[in-house]
Every structure is written in structure tokens, then in C-alpha cells.
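Text of work-v9.txt, listed as compact mmCIF, C-alpha atoms:
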```txt
# COMPACT_ATOMS: atom_id res chain seq x y z
CA MET A 1 -14.36 -9.08 -13.74
CA SER A 2 -12.00 -11.62 -12.23
CA SER A 3 -11.47 -14.98 -13.96
CA ARG A 4 -11.15 -16.77 -10.62
CA SER A 5 -12.99 -16.60 -7.32
CA PRO A 6 -11.13 -14.79 -4.55
CA VAL A 7 -10.32 -16.86 -1.49
CA TYR A 8 -12.46 -14.62 0.73
CA ILE A 9 -15.58 -16.16 -0.85
CA ALA A 10 -14.80 -19.46 0.86
CA LEU A 11 -14.02 -17.67 4.14
CA ALA A 12 -17.43 -16.05 4.02
CA ALA A 13 -19.18 -19.33 3.30
CA SER A 14 -17.50 -21.02 6.28
CA GLY A 15 -18.28 -18.21 8.73
CA GLU A 16 -14.58 -17.44 9.14
CA LEU A 17 -14.97 -13.97 7.63
CA ASP A 18 -17.48 -12.99 10.32
CA ARG A 19 -15.11 -14.30 12.98
CA ARG A 20 -12.33 -12.16 11.50
CA VAL A 21 -14.55 -9.09 11.75
CA ALA A 22 -15.15 -9.69 15.46
CA ALA A 23 -11.46 -10.34 16.09
CA ALA A 24 -10.38 -7.23 14.16
CA TYR A 25 -12.65 -4.97 16.20
CA ARG A 26 -11.23 -6.46 19.39
CA HIS A 27 -7.80 -5.43 18.12
CA LEU A 28 -9.12 -1.88 17.68
CA GLU A 29 -9.74 -1.71 21.45
CA ASP A 30 -5.99 -1.97 22.14
CA CYS A 31 -4.80 -1.12 18.68
CA ASP A 32 -1.94 -3.13 17.22
CA LEU A 33 -3.18 -2.99 13.63
CA CYS A 34 -0.07 -1.28 12.33
CA ALA A 35 3.59 -1.39 13.29
CA ARG A 36 3.31 1.72 15.50
CA TYR A 37 1.46 -0.25 18.22
CA CYS A 38 -0.26 2.82 19.65
CA ARG A 39 -2.45 0.62 21.90
CA VAL A 40 -5.25 3.20 21.77
CA ASN A 41 -8.88 2.10 22.16
CA ARG A 42 -9.99 3.45 18.82
CA ARG A 43 -13.57 2.31 19.33
CA GLN A 44 -13.85 5.00 21.99
CA GLY A 45 -11.95 7.84 20.31
CA ILE A 46 -8.80 8.97 18.54
CA GLU A 47 -6.82 10.62 21.34
CA GLY A 48 -3.31 9.25 21.13
CA ALA A 49 -3.93 7.47 17.82
CA VAL A 50 -1.23 8.43 15.31
CA CYS A 51 -3.57 7.57 12.44
CA ARG A 52 -6.25 9.94 13.84
CA THR A 53 -8.91 7.43 12.84
CA GLY A 54 -11.48 5.99 15.22
CA ALA A 55 -14.09 3.28 14.79
CA ARG A 56 -15.08 4.46 11.29
CA ALA A 57 -12.88 4.62 8.23
CA VAL A 58 -12.52 7.99 6.51
CA VAL A 59 -12.69 7.90 2.71
CA ALA A 60 -11.34 10.72 0.56
CA SER A 61 -12.58 9.39 -2.80
CA PHE A 62 -13.22 6.27 -4.84
CA GLY A 63 -13.43 5.43 -8.52
CA PRO A 64 -11.76 3.65 -11.46
CA HIS A 65 -8.04 4.50 -11.66
CA HIS A 66 -6.15 4.20 -14.96
CA GLY A 67 -2.74 5.23 -13.62
CA GLU A 68 -1.85 2.11 -11.65
CA GLU A 69 0.51 -0.68 -12.68
CA ASP A 70 -0.37 -2.42 -15.95
CA PRO A 71 -1.67 -5.68 -14.38
CA LEU A 72 -3.97 -3.69 -12.09
CA ARG A 73 -5.36 -1.05 -14.41
CA GLY A 74 -5.87 -3.27 -17.47
CA TRP A 75 -8.33 -1.55 -19.82
CA ALA A 76 -11.18 -0.87 -17.36
CA GLY A 77 -9.19 0.57 -14.47
CA SER A 78 -8.35 -0.42 -10.93
CA GLY A 79 -11.22 0.24 -8.51
CA THR A 80 -9.48 2.49 -6.01
CA VAL A 81 -10.72 3.52 -2.58
CA PHE A 82 -8.52 6.27 -1.09
CA PHE A 83 -8.55 6.21 2.70
CA SER A 84 -7.80 9.43 4.56
CA TRP A 85 -5.06 9.75 7.15
CA CYS A 86 -2.03 7.47 7.32
CA ASN A 87 0.23 5.70 9.80
CA LEU A 88 3.28 7.33 8.19
CA ARG A 89 4.39 10.97 8.22
CA CYS A 90 6.38 11.19 4.99
CA VAL A 91 7.69 14.73 4.62
CA PHE A 92 7.56 14.41 0.82
CA CYS A 93 4.03 12.97 0.52
CA GLN A 94 2.37 13.96 -2.75
CA ASN A 95 -1.10 13.25 -1.29
CA TRP A 96 -0.50 15.15 1.95
CA ASP A 97 -3.93 16.78 1.95
CA ILE A 98 -5.44 13.29 2.29
CA SER A 99 -2.76 11.61 4.40
CA GLN A 100 -1.90 14.45 6.79
CA ARG A 101 -4.99 16.71 6.77
CA GLY A 102 -7.55 13.95 6.56
CA VAL A 103 -9.64 15.36 3.74
CA GLY A 104 -12.62 13.02 3.42
CA ARG A 105 -15.61 11.78 5.37
CA GLU A 106 -16.39 8.97 7.78
CA VAL A 107 -18.24 5.95 6.41
CA GLU A 108 -19.82 2.89 7.98
CA PRO A 109 -18.78 -0.56 6.69
CA ARG A 110 -22.09 -0.85 4.84
CA GLU A 111 -21.32 2.26 2.78
CA LEU A 112 -17.75 1.15 2.18
CA ALA A 113 -19.11 -2.17 0.92
CA GLY A 114 -21.40 -0.25 -1.41
CA MET A 115 -18.41 1.59 -2.86
CA MET A 116 -16.72 -1.74 -3.59
CA LEU A 117 -19.83 -3.05 -5.31
CA GLU A 118 -20.20 0.14 -7.34
CA LEU A 119 -16.61 -0.19 -8.58
CA GLN A 120 -17.30 -3.81 -9.52
CA ALA A 121 -20.42 -2.72 -11.41
CA LYS A 122 -18.31 -0.21 -13.37
CA GLY A 123 -16.21 -3.11 -14.65
CA CYS A 124 -13.04 -2.47 -12.63
CA HIS A 125 -10.59 -5.37 -12.49
CA ASN A 126 -10.05 -5.25 -8.72
CA ILE A 127 -10.76 -3.33 -5.52
CA ASN A 128 -7.64 -1.29 -4.71
CA LEU A 129 -7.52 -0.24 -1.05
CA VAL A 130 -5.12 2.72 -0.83
CA SER A 131 -3.47 3.48 2.55
CA PRO A 132 -5.37 0.68 4.33
CA SER A 133 -3.04 -0.14 7.24
CA HIS A 134 -4.96 1.82 9.87
CA VAL A 135 -8.42 0.66 8.74
CA VAL A 136 -7.95 -3.11 8.55
CA ALA A 137 -10.91 -3.81 10.84
CA GLN A 138 -13.24 -1.55 8.88
CA ILE A 139 -12.14 -3.10 5.57
CA ILE A 140 -12.76 -6.64 6.77
CA ALA A 141 -16.21 -5.62 8.03
CA ALA A 142 -17.00 -4.05 4.65
CA VAL A 143 -15.88 -7.16 2.76
CA ALA A 144 -18.06 -9.34 5.00
CA ASP A 145 -21.00 -7.06 4.16
CA ALA A 146 -20.24 -6.97 0.44
CA VAL A 147 -19.76 -10.69 -0.26
CA PRO A 148 -23.44 -11.67 0.25
CA ARG A 149 -24.31 -8.73 -2.02
CA GLY A 150 -22.15 -10.13 -4.83
CA LEU A 151 -18.57 -8.88 -4.41
CA ARG A 152 -16.24 -11.13 -6.43
CA LEU A 153 -13.21 -8.99 -7.37
CA PRO A 154 -9.64 -9.50 -6.12
CA LEU A 155 -8.72 -7.21 -3.24
CA VAL A 156 -5.51 -5.16 -3.53
CA TYR A 157 -3.88 -4.06 -0.26
CA ASN A 158 -2.00 -0.93 -1.39
CA THR A 159 0.10 -0.07 1.65
CA GLY A 160 3.02 2.07 2.77
CA GLY A 161 4.49 -1.14 4.11
CA TYR A 162 4.46 -0.38 7.83
CA ASP A 163 2.10 -3.22 8.72
CA SER A 164 1.92 -5.38 11.82
CA PRO A 165 1.92 -9.20 11.87
CA GLU A 166 -1.33 -9.01 13.82
CA ALA A 167 -3.03 -7.16 10.96
CA LEU A 168 -1.58 -9.45 8.31
CA ALA A 169 -2.81 -12.54 10.19
CA LEU A 170 -6.33 -11.11 10.07
CA LEU A 171 -5.99 -10.42 6.34
CA ASP A 172 -4.69 -13.90 5.44
CA GLY A 173 -7.09 -15.35 2.88
CA ILE A 174 -8.91 -12.03 2.43
CA VAL A 175 -6.33 -10.07 0.46
CA ASP A 176 -5.55 -11.42 -3.00
CA ILE A 177 -2.86 -8.96 -4.05
CA TYR A 178 -0.47 -7.27 -1.65
CA MET A 179 1.13 -4.09 -3.01
CA PRO A 180 3.48 -2.72 -0.32
CA ASP A 181 5.92 0.12 -0.62
CA MET A 182 9.47 -0.64 0.36
CA LYS A 183 10.44 2.96 1.02
CA TYR A 184 13.85 2.68 2.65
CA GLY A 185 16.87 0.49 3.17
CA ASP A 186 17.86 2.30 6.38
CA SER A 187 15.61 2.75 9.42
CA ALA A 188 17.44 5.89 10.55
CA LEU A 189 16.52 7.58 7.29
CA ALA A 190 12.95 6.32 7.60
CA ARG A 191 12.83 7.93 11.02
CA LYS A 192 14.05 11.23 9.57
CA TYR A 193 11.80 11.39 6.52
CA SER A 194 8.72 9.34 7.50
CA LYS A 195 8.79 9.77 11.30
CA VAL A 196 8.56 6.06 12.14
CA ARG A 197 10.81 3.75 14.14
CA ASN A 198 12.20 0.45 12.85
CA TYR A 199 10.65 0.87 9.42
CA VAL A 200 13.05 -1.46 7.65
CA GLU A 201 12.64 -4.27 10.18
CA ALA A 202 8.84 -4.00 10.21
CA ASN A 203 8.63 -3.56 6.45
CA ARG A 204 10.80 -6.57 5.62
CA ALA A 205 8.92 -8.80 8.05
CA ALA A 206 5.63 -7.64 6.53
CA VAL A 207 6.76 -8.26 2.94
CA LYS A 208 7.97 -11.74 3.87
CA GLU A 209 4.58 -12.55 5.38
CA MET A 210 2.72 -11.09 2.43
CA HIS A 211 4.73 -13.24 0.04
CA ARG A 212 4.17 -16.31 2.23
CA GLN A 213 0.43 -15.74 1.97
CA VAL A 214 0.07 -15.01 -1.75
CA GLY A 215 3.36 -15.85 -3.52
CA ASP A 216 4.64 -14.22 -6.70
CA LEU A 217 2.21 -12.20 -8.78
CA VAL A 218 0.00 -14.36 -11.02
CA LEU A 219 -1.62 -12.89 -14.13
CA ASP A 220 -4.50 -14.32 -16.12
CA ALA A 221 -4.46 -14.83 -19.90
CA ARG A 222 -5.35 -11.16 -20.39
CA GLY A 223 -2.44 -9.94 -18.28
CA ILE A 224 -4.63 -8.94 -15.32
CA ALA A 225 -3.33 -9.59 -11.81
CA GLN A 226 -5.22 -12.28 -9.90
CA ARG A 227 -3.11 -13.00 -6.84
CA GLY A 228 0.36 -12.37 -5.49
CA LEU A 229 2.89 -9.74 -4.42
CA LEU A 230 3.65 -6.51 -6.27
CA VAL A 231 6.28 -4.23 -4.69
CA ARG A 232 6.72 -0.50 -5.19
CA HIS A 233 9.99 1.31 -4.56
CA LEU A 234 10.28 5.07 -5.08
CA VAL A 235 13.79 6.18 -6.02
CA LEU A 236 14.76 9.23 -3.93
CA PRO A 237 17.52 11.79 -4.56
CA ASN A 238 21.02 11.15 -3.27
CA GLY A 239 20.44 7.44 -2.65
CA ILE A 240 18.24 8.15 0.38
CA ALA A 241 15.77 5.36 -0.41
CA GLY A 242 18.53 2.74 -0.15
CA THR A 243 17.59 1.21 -3.49
CA GLU A 244 20.51 -1.20 -3.54
CA GLN A 245 19.63 -2.62 -0.11
CA VAL A 246 15.93 -2.94 -0.97
CA LEU A 247 16.54 -4.74 -4.25
CA SER A 248 19.11 -7.05 -2.69
CA PHE A 249 16.56 -8.04 -0.04
CA LEU A 250 13.86 -8.72 -2.62
CA ALA A 251 16.11 -10.87 -4.78
CA GLU A 252 17.74 -12.83 -1.96
CA GLU A 253 14.98 -13.15 0.66
CA ILE A 254 11.69 -12.86 -1.26
CA SER A 255 11.93 -13.91 -4.92
CA ALA A 256 13.84 -12.91 -8.04
CA ASN A 257 10.44 -13.25 -9.73
CA THR A 258 8.96 -10.40 -7.68
CA TYR A 259 6.91 -7.99 -9.77
CA LEU A 260 8.52 -4.61 -9.09
CA ASN A 261 7.49 -1.06 -9.88
CA LEU A 262 10.73 0.88 -9.64
CA MET A 263 9.24 4.36 -9.57
CA ASP A 264 10.94 7.38 -11.09
CA GLN A 265 8.35 10.06 -10.40
CA TYR A 266 9.72 11.60 -7.20
CA GLY A 267 9.31 15.35 -7.00
CA PRO A 268 9.53 17.53 -3.88
CA CYS A 269 6.11 17.95 -2.26
CA TYR A 270 4.65 18.90 1.10
CA ARG A 271 7.57 19.68 3.46
CA ALA A 272 10.43 18.49 1.23
CA ASP A 273 11.72 22.05 0.95
CA GLU A 274 12.76 21.79 4.62
CA TYR A 275 15.26 19.07 3.65
CA PRO A 276 17.68 20.34 0.98
CA GLU A 277 18.93 16.85 0.11
CA ILE A 278 15.47 15.82 -1.16
CA ASP A 279 14.33 19.21 -2.47
CA ARG A 280 14.73 18.27 -6.14
CA PRO A 281 13.49 15.61 -8.57
CA ILE A 282 15.69 12.61 -9.17
CA THR A 283 18.01 12.71 -12.18
CA ALA A 284 18.11 10.43 -15.18
CA ALA A 285 21.45 9.09 -13.91
CA GLU A 286 19.95 8.21 -10.51
CA TYR A 287 17.15 6.27 -12.16
CA ARG A 288 19.54 4.47 -14.48
CA GLU A 289 21.53 3.40 -11.41
CA ALA A 290 18.35 1.93 -9.95
CA LEU A 291 17.58 0.02 -13.14
CA ASP A 292 21.16 -1.26 -13.24
CA ALA A 293 20.82 -2.45 -9.63
CA ALA A 294 17.63 -4.35 -10.53
CA ALA A 295 19.44 -6.02 -13.41
CA ARG A 296 22.41 -6.98 -11.21
CA HIS A 297 20.08 -8.64 -8.75
CA GLY A 298 18.15 -10.48 -11.44
CA LEU A 299 14.91 -8.58 -10.88
CA ALA A 300 13.67 -8.54 -14.46
CA ARG A 301 9.94 -8.46 -13.80
CA LEU A 302 9.55 -4.68 -13.83
CA ASP A 303 6.46 -2.64 -14.56
CA HIS A 304 7.22 -1.76 -18.14
CA ARG A 305 5.58 1.61 -18.69
CA ARG A 306 7.80 4.28 -20.21
CA PRO A 307 9.83 6.29 -17.66
CA HIS A 308 8.51 9.69 -16.66
CA VAL A 309 10.01 12.86 -18.08
CA PHE A 310 12.62 14.18 -15.69
CA ALA A 311 12.45 17.78 -14.59
CA ARG A 312 16.24 17.74 -14.32
CA GLN A 313 18.48 15.46 -16.32
CA GLU A 314 21.49 15.67 -14.02
CA ALA A 315 22.20 17.00 -10.57
CA GLY A 316 23.96 20.34 -10.58
```
For the structure just supplied, provide its representation as C-alpha cells.
Amino acid sequence: MSSRSPVYIALAASGELDRRVAAAYRHLEDCDLCARYCRVNRRQGIEGAVCRTGARAVVASFGPHHGEEDPLRGWAGSGTVFFSWCNLRCVFCQNWDISQRGVGREVEPRELAGMMLELQAKGCHNINLVSPSHVVAQIIAAVADAVPRGLRLPLVYNTGGYDSPEALALLDGIVDIYMPDMKYGDSALARKYSKVRNYVEANRAAVKEMHRQVGDLVLDARGIAQRGLLVRHLVLPNGIAGTEQVLSFLAEEISANTYLNLMDQYGPCYRADEYPEIDRPITAAEYREALDAAARHGLARLDHRRPHVFARQEAG
């Protein structure tokens, strides 16, 4: 359980949380709840919606997760809810059956709230909302339903980082921990490999707003995350992720105290074999270069789990 009360408790008590629910569903009628700005009326259907999600969220699975970052998983696990579909089209997605095929089932906010409460009852340290960008309205509605029923855990917004300012304004004071990906340092490469426009511009604006809302990551006396920003960056082969640019931005425009998971576990999945330059795991040398870049930029607050075993030690 959390050692502090999430801010959303006060929003619920004041009636502001219910107002956010109504506002979020209005946004669904001309959808601007991610940086794609499809402008589809998702309350009436999914035609034209890149996320292929209508008025109800689709959930693939939920349960305690012991593979997340140390401050999230603790000893009892992070209470993850995996949403189906995605607003990105990453050609190397390791969860492509969920993100691109939509494996899962539709749920009403009441049922989603029940999942959150079940995870809390299991002793999870937080509620970890995975791929939430396209279901912001449904999440807020579920939180509003769950608070009177006893929800008290921090909410983790575990996103691909392609979020709109409109969505983040609705989430201000509801989300305790933002955990965005910063996937690329170059929008042209994001267009090629994730099929989105202006990723870097949207992503950096989103991360700035997230940090404005919650600040640097704060841990309690047990080392469990309570509030703040935690950034993930997946190192890709051949420098394609733009690690140097991403880390420079974090250090200079966000905070040198940013908690960073510099991920080494890339392996070719889904359609990566169609792109020879990413059709291999990263090498030990490529990951060392990323760690050296973090050190140069003064980003010392790294998730400290042991690096993964590399399938290939060097490119050849």
C-alpha cells in the first residue's frame, strides 16, 4: 500500500474528478486524446480511429508484475493493466499481438475499476496503466468509480510518449507517476519505424508537461515510487533511437535528477526483419556507449538492475 494519499483523492472529494470524466468523454467525440489528433467521434464508432478503440477500453490482461523498474515492482509487484491496441505502429513491437491485433476484451469503467481494486487487494504497490494514451477518458471514469470503493494506490501512466497536451491537462492531479518512453531523437526515424509524425516534438512537449505536473521521482523510505517522472529509453541498433539526443534533452531541459531506465533488451520482433538495420539485437558496445552518454550528461539516477545477456556481443 502507498504511504501517502494520491492527489486524486482530493479531486474526487471536491467533485473535480467527476467533472474531468464528463470533459474527457466530450473529447472522445472529436478525439484529440493523443498526438495523432484523429478527430474521430469514438463514442459512435472506430472508423478512422488509428487506435481502433471506441467508447470502451479493451483490456488484454491485468495482474501483479514483478519485471518492472525497482521502485515500481518493490516486493509485491506493480499492479499492471495491459490495454489492447496502441496509438503507435512500432515495427519492432514485442507485444504486437496486443498492440496491433487487439487481443483482449472490451470493459466498462466499472469493471476496469474493479480490476484496480483487485490489484490493490493483492498488495500491489501501484496501479500501472500500460499503453493508456488512447483510453484516457475510460481510465478517468474508472478512477472516479474506484475511489468511493476504496482505491488509494498511486497511478502509473506507462505510455509510449505520444501524448497530447489536451490529455495531459485532463490527467493533471490524477496521475501520480508518469512513465513515458522517449523512443527517438529524430522524428524522421520515428516516422519510419513507428509510423507517426512529429514524434520528437510531441514527445518532448509531453515529457516537459509531465515533469511540470509531478517533478522528479520521489521514493518512500522503502524505496517505492510515490510520485514523479520515470523515463524509459530503449537502445536500438545502429544508433537509430538517437540516444545521445534523448539524454541531452533530459539533462538540459528536464532534470539531471531524472530517474532513467536505459533499456538494453532490444531484440527483433514483429516486422523488424523487413528492416535489415534493426534486424539484430544490440551489442554490448552499443549499450556501453549509451551508459557512457548518460554519464557524460550527468544522468546518474539509472535503474540499477543487472544488464540483460546479449545475444550478440559485437556487430559483425
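A straight line drawn from CA of His66 (chain A) to CA of Gly161 (chain A) is 22.5 Å long.
Among the candidates A:Ala23, A:Leu119, A:Ala60, A:Cys38, the one nearest to Asn87 (chain A) when counting only C-alpha atoms is A:Cys38.
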Residue nearest Asp176 (chain A) - candidates A:Leu189, A:Ala285, A:Val218, A:Leu151, atoms counted: only C-alpha atoms
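Residue with the minimum atom-to-atom distance to Asp176 (chain A): A:Val218.
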Figure out the distance between CA of Cys34 (chain A) and CA of Glu201 (chain A), please, to one decimal in Å.
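Straight-line distance from CA of Glu201 (chain A) to CA of Cys34 (chain A) works out to 13.2 Å.
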Extract, using only C-alpha atoms, all DNA, RNA and protein residues at most 8 Å from Arg197 (chain A), discarding same-chain residues fewer than 2 positions from it, and format them as a PDB file with C-alpha atoms, in the frame of the given file.
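Saved the output as selection_31.pdb:
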```
ATOM      1  CA  ARG A  36       3.310   1.720  15.500  1.00  0.00           C
ATOM      2  CA  SER A 187      15.610   2.750   9.420  1.00  0.00           C
ATOM      3  CA  ALA A 188      17.440   5.890  10.550  1.00  0.00           C
ATOM      4  CA  ALA A 190      12.950   6.320   7.600  1.00  0.00           C
ATOM      5  CA  ARG A 191      12.830   7.930  11.020  1.00  0.00           C
ATOM      6  CA  LYS A 195       8.790   9.770  11.300  1.00  0.00           C
ATOM      7  CA  TYR A 199      10.650   0.870   9.420  1.00  0.00           C
TER       8      TYR A 199
END
```
What does the structure give for the distance between CA of Glu253 (chain A) and CA of His211 (chain A), in Å to one decimal?
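These two atoms are separated by 10.3 Å.
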Tell me which protein, DNA and RNA residues are within 12 Å of Glu289 (chain A), counting only C-alpha atoms, leaving out same-chain ones fewer than 4 positions away, and put them as a PyMOL selection string.
chain A and resi 235-239+242-244+247+262+264+282-285+293-296
